[in-house]
Amino acid sequence: MVVANQFEMVCGLEVHVELQTKTKIFCGCTTEFGGEQNTHVCPVCLGMPGALPVLNREVVNFAIKAGLALDCEIAEFSKFDRKNYFYPDLSKNYQTSQFDLPICGKGGLEIEIDGEKKWIGITRAHMEEDAGKLVHSGETISTSNESSVDYNRAGVPLLEIVSEPDMRSIPEVLAYLEKLVQILEYTEVSDCRLEQGSVRFDVNVSLRPFGTDTLGIRTETKNLNSFSSVRRCMEYEVARQARVLNAGENVVQETRTWDEGQGITLTLRSKEEAHDYRYFPEPDLPPLVIDKEWVERIRKTLPELPAARRARLQTLGLSAYDAAVITQAKAMADFFDEALTYYTDAKTLANWVMGDMTRLLNSNQCSVVDSPISAKQLAELLQLINKGTLSGKIAKSVLEEMYSTSKDASMIVKEKGLAQISDEGALLGIIDGVLAANPQSVEDYRAGKDKAIGFLVGQIMKATKGQANPGLVNQLLKEKLA
Amino acid sequence: MESVSIGKSVSEQHELLVHKDVSSTELTKAYIARIHSVDPDLQAYLTVLEDKALAQAAEIDRKIAHNEVLGALEGIPMALKDNMCTEGIRTSCASKMLESFIPPYNATVTDRLQAAGTILLGKVNMDEFAMGSSTENSYFAKTRNPWDLERVPGGSSGGAAVAVAADEASFSLGSDTGGSIRQPASFCGVVGMKPTYGAVSRLGLIAFASSLDQIGPFTKTVRDNALVLNAIAGYDPLDSTSVAYEKPDYTKFLVNNVKGLRIGIPREYYGEGIDPEVAKGIQAGIQTLIDLGAEVSECSLPHTEYAIPAYYLIATAEASSNLARYDGVRYGYRAEAEDVLGMFKQTRAEGFGPEVKRRIMLGTYALSSGYYDAYYLKAQKVRTLIKRDFDQAFEKFDVLLSPTAPTTAFKFGEKSADPLTMYLSDITTVPINLAGIPAISIPAGFVKGMPIGMQLMGKAFDEGTLYRVAYTFEQNTNHHTLKPSLSGEVLASGSR
Amino acid sequence: MNMTISREDVEYVAALARLELTEPEIQEYTEQLNSILDYAAMLERLDTDDVVPTAHAVPIHNVLREDQVRPSINHAKALRNAPDGDEGFFRVPRISLT
Ligand SMILES: [Mg+2]
Ligand SMILES: [Zn+2]
């Protein structure tokens with residue numbers, strides 16, 4: 001980046017994650033995505049006069065769980081507050097959120113870039129409600145002369161995770177986000193479907209000359225919904241701010257919006273009026289008191305988190321790289337662990353999972369959860385190789401067959417007569433025939449040309465359609481030629 | 001028969017229904033006739049539900065015909081303040097903003113009264129969004145005091161108080177944020193109870209100030225009041241501030257005996273601003289209780305004078321947020337404008353009346369950046385001190401006693417010019433809401449022909465003891481038996 | 001009178017509260033808010049440094065509901081009161097960015 005030489009970038013993130021509950025945070029409406037507009041609504045989430053909120057217990061459980069996974073302190077006492085601002089997608093014109101006493105306090109996670117580890121602090125995480133959705137009649141919000149509001153999403157529970165301004169480069173930001181989303185996915189507090197908007201990012205960026213400690217004036221760009229938008233938005237914003245600073249001007253502290261089509265950020269509202277949110281304690285909701293017992297109950301439901309899982313796989317003989325690939329997504333790691341209960345050679349298993357298995361899934365655009373080959377079935381296939389029933393090469397084609405039919409490997413081997421020929425008598429007959437047909441090669445081998453044996457093995461494999469046990473063929477051949 | 005029956009208490013009407021001396025239909029028709037005859041002058045009702053009420057009454061009459069056991073409130077015609085949601089029936093909050101708002105659901109109290117078999121006669125007038133002490137702030141009408149049509153009925157539940165005082169309903173429900181049940185009960189000479197915060201569900205009560213609002217009954221007698229509270233109180237899982245307390249049968253407390261009961265007289269409630277004649281009337285009431293064996297002595301609630309500013313800061317701050325939802329998008333009034341910001345501002349400018357706007361302004365200011373600590377937070381801390389005053393007083397006393405309001409009903413326009421003067425007259429009622437405790441106003445005599453009310457304050461969830469004292473007082477006095485004269489001649493010759 | 005609130009304050013607050021005020025209203029509210037806040041200044045006399053604020057009159061906590069779906073209200077009911085409802089949406093005029 002051009003500016004990298006002049007300015008240091010300082011970035012902090014606010015990440016809004018939709019929690020995977022069945023119902024909204026304060027009412028019994030479903031959180032199901034989609035649905036005809038304004039059908040997943042009730043007096044509470046429509047902000048009808050007289051309606052009152054009742055907190056969903058599962059939202060608190062998920063918030064504690066995510067907090068624990070992110071190394072956060074869980075507050076013994078926390079409360080809800082109203083954040084007051086007018087916007088047509090906000091049915092009460094205040095958002096019920098948490099202000100000074102959020103459920104999760106300080107925490108953080110470790111990222112790794114080019115082998116270097118860095119701790120990114122998390123300031124807090126709090127529960128709040130999502131707003132509805134605005135649909136604009138024109139191309140963009142600015143050219144539209146009318147908008148429509150759908151409140152189906154209003155009241156869907158969110159966890160807002162606020163980081164410290166600890167990131168200094170775009171790769172760090174992306175590493176943080178990937179790691180964060182991975183942890184949230186692992187804990188299953190969110191389905192993390194970015195394409196459905198279930199994770200959204202607000203990016204705070206400022207620049208300062210290298211070597212200075214004071215923070216520059218920052219802008220906040222709201223509501224990005226993919227890693228690539230975050231990257232592009234930051235590239236744009238860093239360059240823009242650098243231009244402003246280089247021109248001797250000041251960056252304006254403001255909230256901006258990302259225009260995906262044009263690839264630029266635009267002013268949404270200026271600081272003065274934007275941030276007088278008039279927070280005050282939500283009178284309709286009594287506070288939360290979370291005792292140790294509650295926290296421990298949730299801690300017991302925590303899965304093995306990515307870092308711990310990677311470490312464990314490495315102790316089983318996987319390389320750091322392989323362990324990282326396998327644990328990238330929880331579903332894959334779960335598949336691997338299940339297979340491991342039937343087949344104990346972790347390294348071989350990893351090769352198959354990362355290689356042929358992944359290739360098959362990818363070419364069929366299938367996720368591992370929906371894989372037609374179960375972990376147990378894959379393990380059986382590998383056991384057949386170990387037993388000598390299948391050669392590695394034939395096993396690959398059996399795997400493909402398994403993928404399209406969901407049949408067990410042993411069944412396919414039986415039906416197609418693919419079992420490896422390990423019968424000495426049968427092999428000796430074939431070997432005799434091959435030797436008789438290739439006297440020159442026999443001659444060459446005996447004259448010291450070791451390579452000739454390779455050709456002979458190839459001929460034998462060809463004669464058996466690849467089903468001959470290669471180890472046995474080698475052994476018998478050497479005995480014959482000795 | 002009919003015209004006599006509407007003047008009777010709920011429990012008397014229940015006996016008439018049980019013994020088939022009168023049918024629910026006859027009773028309902030009698031109230032409707034009464035509304036037709038007196039309400040053009042009194043203007044208590046915003047909506048009268050003749051057909052619905054008669055259909056409900058016919059239903060109850062079928063039960064009576066089958067000799068089914070009749071609940072205490074079954075077949076009894078009543079009215080709801082127009083800030084309690086009634087599914088399919090307009091609920092306006094006496095505001096232009098909600099002039100045509102039809103709620104898609106019932107308030108919990110509406111459901112409970114429906115389940116109890118009551119007949120809903122209609123929805124009654126109030127100060128817009130329950131903001132006011134005179135019902136002069138209604139967008140629709142000025143309700144008149146049946147004791148003197150030149151005077152206000154009090155507020156904000158003026159319509160609910162008048163409906164009971166003028167026999168336009170057997171009982172009614174009001175809401176009380178800073179005195180809005182007790183003060184109009186006092187001005188109109190009826191019984192009005194503000195229960196403990198959390199005793200009656202607020203679900204479906206259109207919020208003014210969420211941490212202070214509470215629904216309660218207006219009745220002619222103390223027994224009726226206990227009967228209605230029996231029907232509406234109790235835990236509601238859909239209101240997070242509703243308390244899961246063990247609800248007693250409140251009628252069990254209706255004993256004619258206050259011997260040995262300790263009654264405290266907080267001296268701060270008798271300060272300047274209290275009409276000496278009202279004080280004298282209350283003094284006579286105190287003497288009655290002493291004569292009946294109560295142990296009465298003076299006490300102090302030292303932070304009382306701070307209650308008014310604390311109350312107005314907290315109530316308006318919450319209101320400014322509660323009323324933000326009226327923006328012309330989902331329901332209610334909308335002014336047309338070019339863009340959404342203009343639509344919001346114009347809708348709210350045209351849809352709200354002056355008092356509502358004033359309070360939104362005050363509340364918004366109290367919460368705004370830089371002033372939160374000085375105003376809102378400070379008020380919440382003072383709220384703690386006021387609560388503590390009561391806690392300490394209740395270590396020594398079972399009940400505290402004061403005038404409900406410093407004066408009798410005032411004349412229209414008398415106080416509306418200066419909002420602060422109007423606010424200051426709430427001194428005897430607002431501390432109770434800040435503390436969340438229950439208080440009842442009962443008729444305690446007259447000053448120059450206008451009723452005065454005696455306020456009894458109790459410990460949280462100790463409505464029972466308030467009913468005991470109120471009942472004993474009522475059984476030994478006759479203030480509650482007097483009625484305003486509202487014959488056609490009187491109305492016609494009224495100087496207006 | 002000690003003017004705590006200026007006309008600009010009133011205009012700022014009105015903007016926050018989304019209230020279009022007329023000139024007489026601005027003047028009236030400036031005056032009245034000043035008189036009310038002057039009165040409220042008496043709170044300063046109280047030392048509340050060590051006092052915990054009361055947000056809820058009755059001290060309860062952890063009021064929670066189970067995560068069970070309840071039926072939503074039907075479309076007609078949701079939109080019945082909408083000043084401008086069309087094709088199942090609530091309509092609003094143009095949203096200006098600044
Ligand atoms: Mg937020
Ligand atoms: Zn809902």
# chains A, B, ... in the order shown; residues from 1 in each chain; ligands from 1
call {"tool": "residues_around", "arguments": {"residues": "region 147-161 of chain A", "least_positions_apart": "3", "cutoff": "6 Å", "atoms": "only C-alpha atoms", "output": "MDAnalysis selection string"}}
result
(chainID A and resid 14:19 24:25 37:38 40:41 45 125:137) or (chainID C and resid 89:92)
call {"tool": "residues_near_ligand", "arguments": {"ligand": "ligand 2", "cutoff": "6 Å", "atoms": "only C-alpha atoms and all ligand atoms", "output": "ChimeraX atom specification"}}
result
/A:27-29,41-42,44-45
call {"tool": "atom_distance", "arguments": {"atom1": "CA of Asp356 (chain A)", "atom2": "CA of Asp191 (chain A)"}}
result
26.7 Å
call {"tool": "atom_distance", "arguments": {"atom1": "CA of Asp322 (chain A)", "atom2": "CA of Leu302 (chain A)"}}
result
23.6 Å
call {"tool": "residues_around", "arguments": {"residues": "Ile5 (chain C)", "least_positions_apart": "6", "cutoff": "10 Å", "atoms": "only C-alpha atoms", "output": "number ranges by chain"}}
result
B: 365; C: 29-35, 37-38
call {"tool": "write_last_selection", "arguments": {"atoms": "N, CA and C atoms", "output": "mmCIF file, in the first residue's frame"}}
result
data_model
loop_
_atom_site.group_PDB
_atom_site.id
_atom_site.type_symbol
_atom_site.label_atom_id
_atom_site.label_comp_id
_atom_site.auth_asym_id
_atom_site.auth_seq_id
_atom_site.Cartn_x
_atom_site.Cartn_y
_atom_site.Cartn_z
ATOM 1 N N TYR B 365 -34.215 16.676 26.946
ATOM 2 C CA TYR B 365 -33.144 17.510 27.480
ATOM 3 C C TYR B 365 -32.450 16.815 28.655
ATOM 4 N N TYR C 29 -41.403 27.227 25.082
ATOM 5 C CA TYR C 29 -40.704 26.102 25.703
ATOM 6 C C TYR C 29 -39.383 26.540 26.338
ATOM 7 N N THR C 30 -38.734 27.502 25.729
ATOM 8 C CA THR C 30 -37.487 27.991 26.324
ATOM 9 C C THR C 30 -37.784 28.546 27.721
ATOM 10 N N GLU C 31 -38.827 29.353 27.789
ATOM 11 C CA GLU C 31 -39.210 29.941 29.072
ATOM 12 C C GLU C 31 -39.619 28.880 30.091
ATOM 13 N N GLN C 32 -40.515 28.010 29.661
ATOM 14 C CA GLN C 32 -41.064 27.028 30.587
ATOM 15 C C GLN C 32 -40.018 26.008 31.037
ATOM 16 N N LEU C 33 -39.191 25.566 30.107
ATOM 17 C CA LEU C 33 -38.155 24.612 30.498
ATOM 18 C C LEU C 33 -37.193 25.257 31.487
ATOM 19 N N ASN C 34 -36.919 26.519 31.270
ATOM 20 C CA ASN C 34 -36.056 27.224 32.227
ATOM 21 C C ASN C 34 -36.682 27.284 33.609
ATOM 22 N N SER C 35 -37.973 27.583 33.643
ATOM 23 C CA SER C 35 -38.594 27.712 34.959
ATOM 24 C C SER C 35 -38.650 26.349 35.659
ATOM 25 N N LEU C 37 -36.552 23.782 35.129
ATOM 26 C CA LEU C 37 -35.198 23.347 35.494
ATOM 27 C C LEU C 37 -34.608 24.193 36.615
ATOM 28 N N ASP C 38 -35.018 25.443 36.684
ATOM 29 C CA ASP C 38 -34.612 26.263 37.826
ATOM 30 C C ASP C 38 -35.126 25.644 39.113
#
call {"tool": "interface_residues", "arguments": {"of": "chain C", "to": "chain A", "cutoff": "7 Å", "atoms": "only C-alpha atoms", "output": "ChimeraX atom specification"}}
result
/C:55-56,60-75,88-98
call {"tool": "write_last_selection", "arguments": {"atoms": "C-alpha atoms", "output": "compact mmCIF listing (two decimals), in the first residue's frame"}}
result
# COMPACT_ATOMS: atom_id res chain seq x y z
CA ALA C 55 -34.09 2.51 37.95
CA HIS C 56 -36.75 0.02 39.00
CA ILE C 60 -36.37 -8.09 40.75
CA HIS C 61 -33.93 -9.65 38.30
CA ASN C 62 -33.52 -12.39 35.68
CA VAL C 63 -36.98 -12.32 34.19
CA LEU C 64 -36.59 -14.64 31.22
CA ARG C 65 -38.75 -16.55 28.82
CA GLU C 66 -38.05 -19.86 27.09
CA ASP C 67 -36.99 -19.82 23.45
CA GLN C 68 -40.30 -21.06 22.09
CA VAL C 69 -41.99 -19.72 18.99
CA ARG C 70 -45.36 -18.08 19.52
CA PRO C 71 -47.60 -17.31 16.59
CA SER C 72 -47.00 -13.94 14.97
CA ILE C 73 -49.97 -11.72 14.18
CA ASN C 74 -51.40 -11.94 10.70
CA HIS C 75 -50.49 -9.62 7.91
CA GLY C 88 -47.32 -6.01 2.82
CA PHE C 89 -44.80 -3.21 3.41
CA PHE C 90 -44.89 -0.06 5.48
CA ARG C 91 -44.06 2.80 3.12
CA VAL C 92 -42.09 5.89 4.01
CA PRO C 93 -41.01 8.86 1.94
CA ARG C 94 -37.45 9.33 0.75
CA ILE C 95 -34.71 8.87 3.30
CA SER C 96 -32.21 11.67 2.93
CA LEU C 97 -28.67 10.80 3.89
CA THR C 98 -27.74 14.06 5.55
